[in-house]
Each structure stands twice: as C-alpha cells, then as structure tokens.
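Step one of this worksheet: look at the structure below.
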Amino acid sequence: MSIYILGVLVICTALVFLSSFFYKSKDSLMNNMVYVMAYTMSMGLTAGFYLGVYFKDNLLYATLFSILLSGLAGLLIGSKLHFHLMIEGLFSGIMAGMMGAMLTVMLSFKQAQILVMIGILLTVGITILCILQFLSETLKHQIERYFNVIMLFGCGLLLMVFLKFPDDIIKPHEKAQTQHEQHSSTSANKNEDKKLEQEEVFNWEVGIKDYRYLSSNASLKKDQKVLLTLLNDDSVEHDIEISSFSYENVETSNTQSEHDHAMSNEDDSVFHLHVEPNRSNQVSFIPKEAGVYTYYCTIPGHKESGMIGKIKIS
C-alpha cells in the first residue's frame with residue numbers, strides 16, 4: 001500500500017483531531033458541523049478512491065476498509081466537540097468512504113490516480129481551514145496578525161503536495177493486478193477471435209412485410225458460414241423453409257413457438273426457421289452443395305400470397 005497517501009491522510013486527521021482539543025469558540029453547532037462534515041467527506045472520498053484501486057477486484061474489501069478509516073476519523077474529530085458532531089462525523093465518513101470505493105472500481109488506474117490526487121489536495125486544504133477554525137479563539141491574535149503568512153504557507157503546502165505527488169503512486173493489490181491483467185488478456189483474445197469470426201461470416205438478412213420476402217433472391221458461397229436473420233414486420237407469424245438443401249447446422253436461435261422445427265431433426269435436408277410476429281430470429285449454417293434453391297413460407301396460404309424466393313449457392 002502507498003505510504004504517501006495513507007501518511008497524508010493520517011497526518012491530516014491527527015492535526016485536525018489535536019486542534020479540536022484547543023477549541024474554545026462559542027460558534028453554533030451548525031458552524032462546526034460544516035467543518036467536521038467537510039473534512040470527513042474529503043478524507044473518506046480520498047481513502048475510498050485509493051482503496052478502490054488497491055482492491056480493484058474486491059469491492060467488499062475496498063468498501064469495508066474505506067468506511068472503517070473515514071468513519072473512525074469522523075468519530076475522533078467530532079468526539080472533542082459535541083456528541084452530535086461525533087455522530088455526524090461518523091456517518092459522513094462512512095458515506096464518503098463507500099461512495100469513493102464504489103466509484104473507483106468503474107475507473108481505470110490512471111483515472112483513479114487523478115481522483116486520488118484531487119482528494120489529497122482537497123483534504124490538505126480543508127485540514128488547514130479546520131485548524132484555523134478550531135484555534136480561532138485560542139490563538140486569535142496570532143492568527144489575525146499572521147493571517148497572510150498562514151495563507152501563503154497553506155498555498156505553498158498545497159503546491160508541494162501537488163509537485164511531490166508521484167506518477168505511479170496508484171498500484172493495485174498484486175493479486176488484483178494479476179487478475180485484472182488476465183481478464184484484460186482474455187477479453188482481448190475473445191474480441192480478436194470474434195473479429196476474425198465476423199470476417200468469415202456472410203450476413204443474409206431477409207425482411208418480411210405485408211406477406212412478402214423483401215429480399216427474394218440471394219447469392220451464397222459453398223462452405224462459407226452464413227448468418228441468416230429473419231425480420232418479421234407483420235402482425236402474424238412466418239417462417240422460411242428450403243427443401244432438398246444440403247447444409248451444416250452451426251447454431252440455431254431459440255423461439256417460443258411450437259411451429260418452429262429448429263432446422264428439422266427428422267429430415268436434415270429440410271432447412272426451416274420460424275419467427276414470431278414483429279420479432280426477429282437468427283440461425284447460422286454452412287451450405288454444402290452448389291445449386292439454385294427455392295425458399296418459401298410453410299404457413300397455409302402464405303406461399304400462395306407470394307412468400308417465395310430463391311438462393312444461389314456457388
């Protein structure tokens with residue numbers, strides 16, 4: 001884990017907690033609630049951002065450790081101010097830690113690193129404001145006298161944190177990184193295989209409208225995989241059948257109709273595909289013999305209405 005990130009968060013929390021011991025102001029509870037909530041939210045989000053990357057493939061661990069760190073920080077800071085602020089700090093930290101961890105799981109390592117850097121700068125800046133608030137009465141005269149110097153020091157501190165922030169500070173847990181790399185490699189191989197497969201497939205689309213096949217003629221190649229898509233724009237069911245047709249059944253789409261013979265198990269020479277009203281259906285096959293074949297709809301009356309076409313296998 002990064003000593004830099006955790007060190008900054010621990011130091012900031014310790015400074016805010018110690019400064020609360022010197023708090024003597026008579027400000028309203030609402031004013032102090034703003035400071036407690038602002039710090040615990042920024043600290044919790046930063047912890048969640050980092051742990052979300054460290055436990056990249058384990059959202060449970062990232063969430064649990066995030067809410068534990070930020071909830072404890074809020075509990076400590078609020079404990080010296082008021083019981084209500086202790087409860088506010090606890091649940092603000094829990095909420096922020098949970099949100100940070102859940103958000104970062106969806107991002108890349110580089111994107112998460114940007115969020116962590118922003119969170120660190122925000123936490124340091126709010127730490128300075130909280131210290132000034134809690135010491136506003138104890139060191140009132142010193143703060144008023146050296147206010148400009150304190151502001152310049154705060155800006156310089158933020159600049160130093162920004163410049164010292166390492167480029168590779170975000171490193172996921174070794175196991176999570178290995179799993180991520182394996183997953184990326186597997187996904188890349190699958191995408192490559194899918195791309196190669198798509199290059200070898202001929203897409204044959206047959207639209208159906210008003211009891212007509214919109215593409216009545218097609219030219220296919222022998223031994224080339226064909227993906228047939230049957231698009232039914234009518235409000236009644238249709239099908240397509242090719243008799244005395246030699247083919248290899250590669251993949252058949254499932255349908256919800258008893259009329260679907262699913263490439264006909266009883267007669268391998270009959271090619272058949274059914275489609276529901278206003279639906280589509282697909283099947284993959286490989287033509288095995290050259291020739292000219294007729295296809296048609298087998299539902300009574302549809303062939304006679306003109307649902308007929310031809311394919312040429314070369």
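By order in the structure tokens, chains are A, B, ...; within a chain, residues start at 1; ligands start at 1, following the order shown.
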- Task: Mind checking which residues fall within 12 Å of Ile143 (chain A), counting only C-alpha atoms, ignoring those fewer than 5 positions away in the same chain, and posting them as an MDAnalysis selection string?
- Result: chainID A and resid 129 131:138 148:151
Print the selection's residues with N, CA and C atoms to a file, as a PDB file, in the first residue's frame.
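What landed in out24.pdb:
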```pdb
ATOM      1  N   LEU A 129      -8.087  24.770   6.999  1.00  0.00           N
ATOM      2  CA  LEU A 129      -9.262  25.545   7.400  1.00  0.00           C
ATOM      3  C   LEU A 129      -9.809  25.077   8.745  1.00  0.00           C
ATOM      4  N   ILE A 131      -8.128  23.610  11.183  1.00  0.00           N
ATOM      5  CA  ILE A 131      -7.197  24.012  12.245  1.00  0.00           C
ATOM      6  C   ILE A 131      -7.405  25.480  12.598  1.00  0.00           C
ATOM      7  N   LEU A 132      -7.559  26.331  11.579  1.00  0.00           N
ATOM      8  CA  LEU A 132      -7.804  27.749  11.832  1.00  0.00           C
ATOM      9  C   LEU A 132      -9.115  27.955  12.583  1.00  0.00           C
ATOM     10  N   GLN A 133     -10.142  27.170  12.221  1.00  0.00           N
ATOM     11  CA  GLN A 133     -11.425  27.296  12.896  1.00  0.00           C
ATOM     12  C   GLN A 133     -11.339  26.889  14.357  1.00  0.00           C
ATOM     13  N   PHE A 134     -10.693  25.768  14.625  1.00  0.00           N
ATOM     14  CA  PHE A 134     -10.645  25.249  15.994  1.00  0.00           C
ATOM     15  C   PHE A 134      -9.691  26.054  16.891  1.00  0.00           C
ATOM     16  N   LEU A 135      -8.727  26.759  16.284  1.00  0.00           N
ATOM     17  CA  LEU A 135      -7.788  27.574  17.068  1.00  0.00           C
ATOM     18  C   LEU A 135      -8.139  29.059  16.994  1.00  0.00           C
ATOM     19  N   SER A 136      -9.290  29.368  16.442  1.00  0.00           N
ATOM     20  CA  SER A 136      -9.635  30.769  16.198  1.00  0.00           C
ATOM     21  C   SER A 136      -9.715  31.608  17.471  1.00  0.00           C
ATOM     22  N   GLU A 137     -10.082  31.008  18.603  1.00  0.00           N
ATOM     23  CA  GLU A 137     -10.152  31.744  19.860  1.00  0.00           C
ATOM     24  C   GLU A 137      -8.860  31.621  20.668  1.00  0.00           C
ATOM     25  N   THR A 138      -8.295  30.446  20.710  1.00  0.00           N
ATOM     26  CA  THR A 138      -7.067  30.216  21.484  1.00  0.00           C
ATOM     27  C   THR A 138      -5.909  31.045  20.950  1.00  0.00           C
ATOM     28  N   ASN A 148      -1.969  36.523   6.597  1.00  0.00           N
ATOM     29  CA  ASN A 148      -1.446  36.457   5.229  1.00  0.00           C
ATOM     30  C   ASN A 148      -0.314  35.437   5.114  1.00  0.00           C
ATOM     31  N   VAL A 149       0.521  35.390   6.155  1.00  0.00           N
ATOM     32  CA  VAL A 149       1.621  34.412   6.153  1.00  0.00           C
ATOM     33  C   VAL A 149       1.061  32.994   6.203  1.00  0.00           C
ATOM     34  N   ILE A 150       0.032  32.813   7.007  1.00  0.00           N
ATOM     35  CA  ILE A 150      -0.593  31.481   7.111  1.00  0.00           C
ATOM     36  C   ILE A 150      -1.196  31.065   5.771  1.00  0.00           C
ATOM     37  N   MET A 151      -1.839  32.013   5.085  1.00  0.00           N
ATOM     38  CA  MET A 151      -2.429  31.707   3.778  1.00  0.00           C
ATOM     39  C   MET A 151      -1.348  31.350   2.752  1.00  0.00           C
TER      40      MET A 151
END
```
- Looking at A:Ile313, A:Val275, A:Met98, A:Leu85, which one is nearest to Gly48 (chain A), with distances taken over only C-alpha atoms? A:Met98
- Message: Need the shell around Ile118 (chain A): protein/DNA/RNA residues with any atom at most 12 Å away, counting only C-alpha atoms. Skip same-chain ones fewer than 3 positions apart. Format as an NGL selection string?
- Response: :A and (5 or 42-43 or 45-47 or 49-50 or 111-115 or 121-125 or 158 or 161-162 or 165)
Atoms kept (C-alpha atoms) for selection, written as a compact mmCIF listing (two decimals), in the first residue's frame:
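The new file result.txt reads:
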```txt
# COMPACT_ATOMS: atom_id res chain seq x y z
CA ILE A 5 -1.33 8.53 0.59
CA SER A 42 -12.98 14.75 1.66
CA MET A 43 -10.88 12.32 3.69
CA LEU A 45 -13.62 10.01 -0.58
CA THR A 46 -9.81 10.04 -0.89
CA ALA A 47 -9.48 6.84 1.13
CA PHE A 49 -10.59 6.31 -4.22
CA TYR A 50 -7.27 4.76 -3.23
CA GLN A 111 -8.32 7.94 -13.93
CA ALA A 112 -8.39 6.83 -10.30
CA GLN A 113 -4.96 8.39 -9.73
CA ILE A 114 -6.32 11.77 -10.81
CA LEU A 115 -9.18 11.46 -8.34
CA LEU A 121 -5.21 18.33 -2.23
CA LEU A 122 -8.77 18.85 -1.04
CA THR A 123 -8.09 17.07 2.26
CA VAL A 124 -4.94 19.10 2.95
CA GLY A 125 -6.75 22.36 2.17
CA LEU A 158 -0.70 22.55 -1.42
CA VAL A 161 1.84 18.17 -2.21
CA PHE A 162 0.92 18.56 -5.87
CA PHE A 165 2.71 13.50 -5.91
```
What parts of region 31-242 of chain A does DSSP call strand (DSSP E)? I'd like the answer as a compact mmCIF listing (two decimals) with C-alpha atoms, in the first residue's frame.
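Written out: part-v2.txt:
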```txt
# COMPACT_ATOMS: atom_id res chain seq x y z
CA PHE A 202 -21.81 -13.77 -44.63
CA ASN A 203 -24.77 -11.87 -43.21
CA TRP A 204 -28.02 -12.73 -45.02
CA GLU A 205 -30.98 -10.64 -43.91
CA VAL A 206 -34.50 -11.49 -45.06
CA GLY A 207 -37.14 -8.92 -44.18
CA ILE A 208 -40.84 -9.81 -44.11
CA ASN A 217 -33.02 -13.52 -54.19
CA ALA A 218 -29.62 -14.14 -52.60
CA SER A 219 -26.21 -15.44 -53.65
CA LEU A 220 -24.26 -17.53 -51.15
CA VAL A 226 -23.89 -17.78 -43.23
CA LEU A 227 -25.79 -15.88 -40.55
CA LEU A 228 -29.45 -15.71 -41.57
CA THR A 229 -31.55 -13.04 -39.85
CA LEU A 230 -35.31 -13.26 -40.35
CA LEU A 231 -37.01 -9.90 -39.64
CA ASN A 232 -40.79 -10.08 -39.31
CA HIS A 238 -43.96 -16.51 -40.60
CA ASP A 239 -41.15 -18.92 -41.40
CA ILE A 240 -38.69 -19.83 -44.10
CA GLU A 241 -38.05 -23.34 -45.44
CA ILE A 242 -35.67 -24.71 -48.07
```
- Query: Hey, what's within 8 Å of Glu289 (chain A) if we count only C-alpha atoms and toss same-chain stuff fewer than 2 positions away? As a PyMOL selection string, please?
  - Reply: chain A and resi 222+245-247+287+291+313
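Look at region 294-301 of chain A: the protein and nucleic acid residues within 10 Å of it, using only C-alpha atoms and passing over chain neighbours fewer than 6 places away, are Tyr211, Arg212, Tyr213, Ser216, Asn217, Glu237, His238, Asp239, Ile240, Glu241, Ile242, Ser243, Ser244, Phe245, His259, Phe271, His272, Leu273, His274, Met307, Ile308, Gly309, Lys310, Ile311 and Lys312 of chain A.
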Would you save the residues from that selection as a CSV table (one decimal), in the first residue's frame, using N, CA and C atoms?
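Wrote again-v3.csv, looks like this:
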```csv
chain,number,residue,atom,x,y,z
A,211,TYR,N,-46.8,-9.9,-46.1
A,211,TYR,CA,-46.8,-11.3,-46.7
A,211,TYR,C,-45.8,-11.3,-47.9
A,212,ARG,N,-44.7,-10.7,-47.7
A,212,ARG,CA,-43.7,-10.7,-48.8
A,212,ARG,C,-42.3,-10.8,-48.2
A,213,TYR,N,-41.4,-11.6,-48.8
A,213,TYR,CA,-40.0,-11.5,-48.5
A,213,TYR,C,-39.4,-10.3,-49.2
A,216,SER,N,-35.9,-11.3,-52.1
A,216,SER,CA,-36.4,-12.6,-52.6
A,216,SER,C,-35.3,-13.4,-53.2
A,217,ASN,N,-34.1,-12.8,-53.6
A,217,ASN,CA,-33.0,-13.5,-54.2
A,217,ASN,C,-31.7,-13.3,-53.4
A,237,GLU,N,-47.3,-14.7,-37.5
A,237,GLU,CA,-46.0,-15.4,-37.6
A,237,GLU,C,-45.7,-15.9,-39.0
A,238,HIS,N,-44.4,-16.1,-39.3
A,238,HIS,CA,-44.0,-16.5,-40.6
A,238,HIS,C,-42.8,-17.5,-40.4
A,239,ASP,N,-42.3,-18.1,-41.5
A,239,ASP,CA,-41.1,-18.9,-41.4
A,239,ASP,C,-40.5,-18.9,-42.8
A,240,ILE,N,-39.4,-19.6,-42.8
A,240,ILE,CA,-38.7,-19.8,-44.1
A,240,ILE,C,-38.2,-21.3,-44.2
A,241,GLU,N,-38.4,-21.9,-45.3
A,241,GLU,CA,-38.1,-23.3,-45.4
A,241,GLU,C,-37.4,-23.6,-46.8
A,242,ILE,N,-36.3,-24.4,-46.8
A,242,ILE,CA,-35.7,-24.7,-48.1
A,242,ILE,C,-35.6,-26.2,-48.1
A,243,SER,N,-36.3,-26.8,-49.1
A,243,SER,CA,-36.3,-28.3,-49.2
A,243,SER,C,-35.1,-28.8,-50.1
A,244,SER,N,-34.7,-30.0,-49.8
A,244,SER,CA,-33.6,-30.7,-50.6
A,244,SER,C,-32.4,-29.8,-50.6
A,245,PHE,N,-32.0,-29.3,-49.4
A,245,PHE,CA,-30.9,-28.4,-49.3
A,245,PHE,C,-29.9,-28.9,-48.4
A,259,HIS,N,-44.5,-24.2,-33.6
A,259,HIS,CA,-44.3,-24.3,-35.1
A,259,HIS,C,-42.9,-24.4,-35.5
A,271,PHE,N,-34.3,-27.3,-44.5
A,271,PHE,CA,-33.9,-26.1,-43.7
A,271,PHE,C,-35.1,-25.3,-43.3
A,272,HIS,N,-35.3,-25.0,-42.0
A,272,HIS,CA,-36.5,-24.4,-41.5
A,272,HIS,C,-36.2,-23.4,-40.4
A,273,LEU,N,-36.7,-22.2,-40.5
A,273,LEU,CA,-36.6,-21.2,-39.4
A,273,LEU,C,-37.9,-20.5,-39.2
A,274,HIS,N,-38.3,-20.3,-38.0
A,274,HIS,CA,-39.6,-19.7,-37.7
A,274,HIS,C,-39.3,-18.3,-37.0
A,307,MET,N,-45.1,-15.4,-50.7
A,307,MET,CA,-43.9,-15.6,-49.9
A,307,MET,C,-43.0,-16.7,-50.4
A,308,ILE,N,-42.2,-16.3,-51.4
A,308,ILE,CA,-41.3,-17.3,-52.1
A,308,ILE,C,-40.1,-16.5,-52.6
A,309,GLY,N,-38.9,-17.2,-52.6
A,309,GLY,CA,-37.7,-16.6,-53.1
A,309,GLY,C,-36.7,-17.7,-53.5
A,310,LYS,N,-35.5,-17.2,-54.0
A,310,LYS,CA,-34.5,-18.2,-54.5
A,310,LYS,C,-33.2,-17.8,-53.9
A,311,ILE,N,-32.3,-18.8,-53.7
A,311,ILE,CA,-30.9,-18.6,-53.3
A,311,ILE,C,-30.0,-19.4,-54.3
A,312,LYS,N,-28.9,-18.8,-54.6
A,312,LYS,CA,-27.9,-19.4,-55.5
A,312,LYS,C,-26.7,-19.7,-54.7
```
- Message: Using DSSP assignments from the backbone, pull out every residue in region 28-246 of chain A that falls under helix (DSSP H, G or I) and give it to me as an NGL selection string.
- Response: :A and (29-54 or 59-79 or 83-104 or 109-134 or 140-145 or 147-164 or 174-199)
- Message: Using only C-alpha atoms for the distances, tell me which of A:Ala14, A:Ala73, A:Ile128, A:Met41 is nearest to Gly97 (chain A).
- Response: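 Selected residue with least distance to Gly97 (chain A): A:Met41.
Between CA of Leu81 (chain A) and CA of Met30 (chain A) there is a distance of 11.7 Å.
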- Message: Could you tell me how far CA of Thr13 (chain A) sits from CA of Met99 (chain A), in Å to one decimal place?
- Response: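 Atom-to-atom, CA of Met99 (chain A) to CA of Thr13 (chain A), that is 19.5 Å.
The spacing separating CA of Gly74 (chain A) from CA of Leu139 (chain A) amounts to 24.0 Å.
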